[in-house]
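Shown here: input-v8.cif, mmCIF, C-alpha atoms.
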```cif
data_run
loop_
_atom_site.label_atom_id
_atom_site.label_comp_id
_atom_site.auth_asym_id
_atom_site.auth_seq_id
_atom_site.Cartn_x
_atom_site.Cartn_y
_atom_site.Cartn_z
CA MET D 222 -77.43 -9.49 -46.90
CA SER D 223 -73.97 -10.51 -45.84
CA LYS D 224 -73.30 -12.67 -42.81
CA LYS D 225 -70.70 -12.26 -40.11
CA VAL D 226 -68.61 -15.41 -40.40
CA LEU D 227 -66.14 -16.41 -37.71
CA ILE D 228 -63.72 -19.19 -38.61
CA ILE D 229 -62.06 -20.83 -35.61
CA SER D 230 -59.04 -22.80 -36.72
CA SER D 231 -57.75 -24.92 -33.87
CA SER D 232 -54.92 -26.68 -35.65
CA PRO D 233 -51.68 -26.43 -33.69
CA ARG D 234 -49.90 -26.42 -37.09
CA LYS D 235 -50.10 -23.14 -38.99
CA GLY D 236 -50.69 -24.19 -42.57
CA GLY D 237 -51.84 -27.61 -41.39
CA ASN D 238 -54.55 -29.48 -43.26
CA SER D 239 -57.56 -28.14 -41.35
CA ASP D 240 -56.03 -24.65 -41.43
CA ILE D 241 -55.67 -24.86 -45.23
CA LEU D 242 -59.33 -25.84 -45.52
CA CYS D 243 -60.26 -22.86 -43.32
CA ASP D 244 -58.52 -20.59 -45.82
CA ALA D 245 -60.43 -22.18 -48.71
CA PHE D 246 -63.73 -21.79 -46.83
CA MET D 247 -62.83 -18.15 -46.13
CA GLU D 248 -62.06 -17.52 -49.80
CA GLY D 249 -65.49 -18.83 -50.79
CA ALA D 250 -67.31 -16.92 -48.04
CA LEU D 251 -65.59 -13.70 -49.06
CA GLU D 252 -66.54 -14.28 -52.70
CA ALA D 253 -70.14 -14.59 -51.49
CA LYS D 254 -69.72 -11.07 -50.00
CA ASN D 255 -69.72 -12.08 -46.36
CA LYS D 256 -67.71 -10.43 -43.59
CA VAL D 257 -65.19 -13.05 -42.56
CA GLU D 258 -62.68 -13.30 -39.74
CA LYS D 259 -60.38 -16.24 -39.14
CA ILE D 260 -58.86 -16.87 -35.73
CA ARG D 261 -56.09 -19.37 -35.08
CA ILE D 262 -56.69 -20.25 -31.45
CA ALA D 263 -53.38 -22.11 -31.20
CA ASP D 264 -51.75 -18.67 -31.49
CA LEU D 265 -53.71 -17.42 -28.48
CA LYS D 266 -53.55 -18.08 -24.78
CA ILE D 267 -56.67 -20.03 -23.85
CA GLY D 268 -56.62 -21.92 -20.60
CA TYR D 269 -58.89 -24.76 -19.64
CA CYS D 270 -62.07 -24.33 -17.61
CA THR D 271 -61.41 -24.99 -13.93
CA GLY D 272 -65.04 -25.75 -13.11
CA CYS D 273 -65.23 -23.02 -10.46
CA TYR D 274 -68.56 -21.78 -11.90
CA ALA D 275 -67.94 -18.22 -10.70
CA CYS D 276 -69.10 -17.26 -14.21
CA GLN D 277 -72.60 -18.48 -13.40
CA LYS D 278 -72.90 -15.71 -10.80
CA THR D 279 -71.06 -12.94 -12.64
CA GLY D 280 -71.55 -13.83 -16.33
CA LYS D 281 -67.79 -13.58 -16.82
CA CYS D 282 -64.97 -16.06 -16.57
CA VAL D 283 -62.41 -15.33 -13.87
CA ILE D 284 -59.55 -16.60 -16.05
CA LYS D 285 -57.84 -13.65 -17.73
CA ASP D 286 -56.74 -14.82 -21.16
CA ASP D 287 -57.76 -14.63 -24.82
CA ALA D 288 -60.88 -16.81 -24.49
CA GLN D 289 -63.13 -13.88 -23.57
CA ALA D 290 -62.32 -12.04 -26.81
CA VAL D 291 -62.94 -15.14 -28.94
CA ILE D 292 -66.21 -15.87 -27.15
CA ALA D 293 -67.34 -12.25 -27.64
CA LYS D 294 -66.74 -12.70 -31.37
CA MET D 295 -68.70 -15.95 -31.31
CA LEU D 296 -71.66 -14.12 -29.80
CA LYS D 297 -71.56 -11.48 -32.55
CA ALA D 298 -71.17 -13.93 -35.44
CA ASP D 299 -74.04 -15.25 -37.53
CA VAL D 300 -71.98 -18.19 -38.73
CA ILE D 301 -69.26 -20.06 -36.84
CA VAL D 302 -66.84 -22.49 -38.46
CA LEU D 303 -65.22 -24.95 -36.06
CA ALA D 304 -62.14 -26.55 -37.57
CA SER D 305 -59.97 -29.22 -36.01
CA PRO D 306 -57.61 -32.00 -36.87
CA VAL D 307 -58.77 -35.31 -35.45
CA TYR D 308 -56.61 -36.66 -32.65
CA PHE D 309 -57.59 -40.00 -31.12
CA PHE D 310 -61.01 -39.77 -32.79
CA SER D 311 -61.92 -36.43 -31.22
CA VAL D 312 -61.34 -32.71 -31.65
CA CYS D 313 -57.95 -31.34 -30.63
CA ALA D 314 -57.34 -29.98 -27.15
CA GLN D 315 -57.21 -26.36 -28.33
CA LEU D 316 -60.80 -26.46 -29.61
CA LYS D 317 -62.10 -28.46 -26.66
CA ALA D 318 -60.62 -25.91 -24.23
CA LEU D 319 -62.47 -23.09 -26.04
CA ILE D 320 -65.72 -25.06 -26.13
CA ASP D 321 -65.53 -25.70 -22.39
CA ARG D 322 -64.88 -22.02 -21.71
CA THR D 323 -68.21 -21.05 -23.32
CA VAL D 324 -69.83 -22.18 -20.06
CA ALA D 325 -69.32 -18.54 -19.03
CA ILE D 326 -71.94 -17.44 -21.58
CA TYR D 327 -74.26 -20.41 -21.26
CA PRO D 328 -77.02 -20.39 -22.59
CA LYS D 329 -76.54 -17.20 -24.69
CA LEU D 330 -74.86 -18.66 -27.79
CA THR D 331 -78.16 -19.35 -29.54
CA ASN D 332 -79.48 -19.43 -33.09
CA LYS D 333 -76.08 -19.74 -34.76
CA THR D 334 -75.28 -21.53 -37.97
CA PHE D 335 -72.26 -23.81 -37.68
CA TYR D 336 -69.96 -25.49 -40.16
CA TYR D 337 -67.42 -28.16 -39.27
CA ILE D 338 -64.05 -28.69 -40.90
CA MET D 339 -62.19 -31.79 -39.74
CA THR D 340 -59.14 -33.58 -41.09
CA MET D 341 -57.61 -36.90 -40.19
CA ALA D 342 -55.04 -39.41 -41.32
CA GLU D 343 -57.44 -42.33 -40.92
CA THR D 344 -59.33 -43.39 -44.05
CA ASP D 345 -62.27 -45.11 -42.35
CA ARG D 346 -64.90 -42.38 -42.67
CA LYS D 347 -67.02 -44.02 -39.95
CA THR D 348 -64.48 -42.55 -37.55
CA PHE D 349 -65.91 -39.09 -38.19
CA LYS D 350 -69.09 -40.04 -36.32
CA THR D 351 -67.05 -40.39 -33.13
CA SER D 352 -64.91 -37.37 -33.97
CA THR D 353 -67.83 -34.99 -34.47
CA ALA D 354 -69.63 -36.16 -31.29
CA PRO D 355 -68.02 -33.45 -29.08
CA LEU D 356 -69.23 -30.81 -31.55
CA LYS D 357 -72.74 -32.24 -31.58
CA GLY D 358 -72.78 -32.19 -27.79
CA PHE D 359 -71.67 -28.57 -27.82
CA LEU D 360 -74.42 -27.51 -30.22
CA ASP D 361 -77.04 -29.50 -28.30
CA CYS D 362 -76.44 -27.09 -25.41
CA TYR D 363 -77.24 -23.97 -27.44
CA GLU D 364 -80.86 -23.59 -28.54
CA GLY D 365 -81.54 -22.90 -32.20
CA SER D 366 -78.00 -23.73 -33.32
CA LYS D 367 -77.70 -25.86 -36.41
CA VAL D 368 -75.05 -27.46 -38.57
CA ALA D 369 -75.29 -26.23 -42.16
CA GLY D 370 -72.37 -28.19 -43.58
CA LYS D 371 -69.29 -30.24 -42.96
CA ILE D 372 -65.96 -30.91 -44.60
CA LEU D 373 -64.65 -34.23 -43.33
CA ALA D 374 -61.30 -34.75 -45.02
CA ASP D 375 -59.82 -38.19 -44.50
CA GLY D 376 -56.49 -39.64 -45.56
CA VAL D 377 -54.50 -36.45 -44.93
CA TYR D 378 -51.72 -36.71 -42.39
CA GLU D 379 -48.59 -34.81 -43.31
CA LYS D 380 -48.77 -31.02 -43.13
CA GLY D 381 -50.14 -29.75 -46.44
CA ALA D 382 -51.31 -33.16 -47.66
CA VAL D 383 -54.80 -31.77 -48.26
CA LYS D 384 -53.51 -29.45 -51.01
CA GLY D 385 -54.63 -30.59 -54.43
CA THR D 386 -57.41 -32.80 -53.05
CA LYS D 387 -61.12 -32.53 -53.67
CA PHE D 388 -61.52 -31.25 -50.11
CA VAL D 389 -60.05 -27.82 -50.91
CA ALA D 390 -62.62 -27.20 -53.65
CA LYS D 391 -65.38 -28.52 -51.38
CA ALA D 392 -64.33 -26.16 -48.58
CA LYS D 393 -64.34 -23.17 -50.95
CA ALA D 394 -67.77 -24.15 -52.34
CA LEU D 395 -69.14 -24.58 -48.83
CA GLY D 396 -67.87 -21.12 -47.90
CA LYS D 397 -69.42 -19.70 -51.05
CA SER D 398 -72.78 -21.21 -50.06
CA VAL D 399 -73.00 -19.00 -46.95
CA LYS D 400 -75.68 -16.44 -47.67
#
```
This entry written out as structure tokens:
Amino acid sequence: MSKKVLIISSSPRKGGNSDILCDAFMEGALEAKNKVEKIRIADLKIGYCTGCYACQKTGKCVIKDDAQAVIAKMLKADVIVLASPVYFFSVCAQLKALIDRTVAIYPKLTNKTFYYIMTMAETDRKTFKTSTAPLKGFLDCYEGSKVAGKILADGVYEKGAVKGTKFVAKAKALGKSVK
């Protein structure tokens, strides 16, 4: 039975390293006969959460932008891939803004399978522990959610530097493992 896979690429650079790995993951997931959609949230208008908490009364965010459509897709997906370049040992602002906006559906984003794709220039892989902490915190808020795999690509800085590395093949294989 195929899965509904939603890939959320948050790289501000189209064709950036994490975006390239998203494409490889998608290729593998499609080969495994899954239904796959990739969204580049940097191409969308997604504002930051203002903390008004009106959504807790209405179930909907009062901010009128593209976040609601992305969040609706997250709710329908079986598998969600969160991809980000690492900036200052954390996820990029585009992904963090989307994560914060899911407060409008809290606690409904349950029992999802997640994959992480992260890229960074740094070569000290211990840095990924700090970098994935915001994602762990996000999943800790949604019951039954689990991480099924990660691509943590280090030593890639310039746009496209990930091409030809072992990480591309790993991303495709990870996508192919989605069943």
Using only C-alpha atoms, can you list as a list in words the residues within 10 Å of (-67.9, -14.1, -43.3)?
Ser223, Lys224, Lys225, Val226, Leu227, Ile228, Phe246, Met247, Glu248, Gly249, Ala250, Leu251, Glu252, Ala253, Lys254, Asn255, Lys256, Val257, Glu258, Lys259, Ala298, Asp299, Val300, Ile301, Val302, Gly396, Lys397, Val399 and Lys400 of chain D
Given the PyMOL selection byres ((chain D and resi 369-385) around 8) and the file above, list the residues it selects as a ChimeraX atom specification.
/D:234,236-238,241-242,334-346,349,367-368,386-389,391-392,395
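We find atom CA of D:Gly280 and atom CA of D:Phe359 to be spaced 18.7 Å apart.
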Around all of stretch 292-303 of chain D's listed atoms, make the axis-aligned box with 3 Å on each side and tell me centre and edge lengths in Å to one decimal, as AutoDock Vina command-line options.
```
--center_x -69.6 --center_y -18.2 --center_z -32.9 --size_x 14.8 --size_y 19.5 --size_z 17.6
```
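You will find atom CA of D:Leu296 at 18.2 Å from atom CA of D:Lys357.
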Which residue of D:Val307, D:Ala245, D:Ala394, D:Ala318 approaches D:Thr351 most closely, using all atoms listed in the file
D:Val307
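Using all atoms listed in the file for every distance, the candidate list D:Met295, D:Ala275, D:Leu356, D:Leu265 yields D:Leu356 as the residue closest to D:Cys313.
Nearest to D:Val312 of all the residues D:Ser232, D:Thr331, D:Ser398, D:Gln289 is D:Ser232, counting only C-alpha atoms.
With atom CA of D:Ala293 on one side and atom CA of D:Thr323 on the other, the separation reads 9.8 Å.
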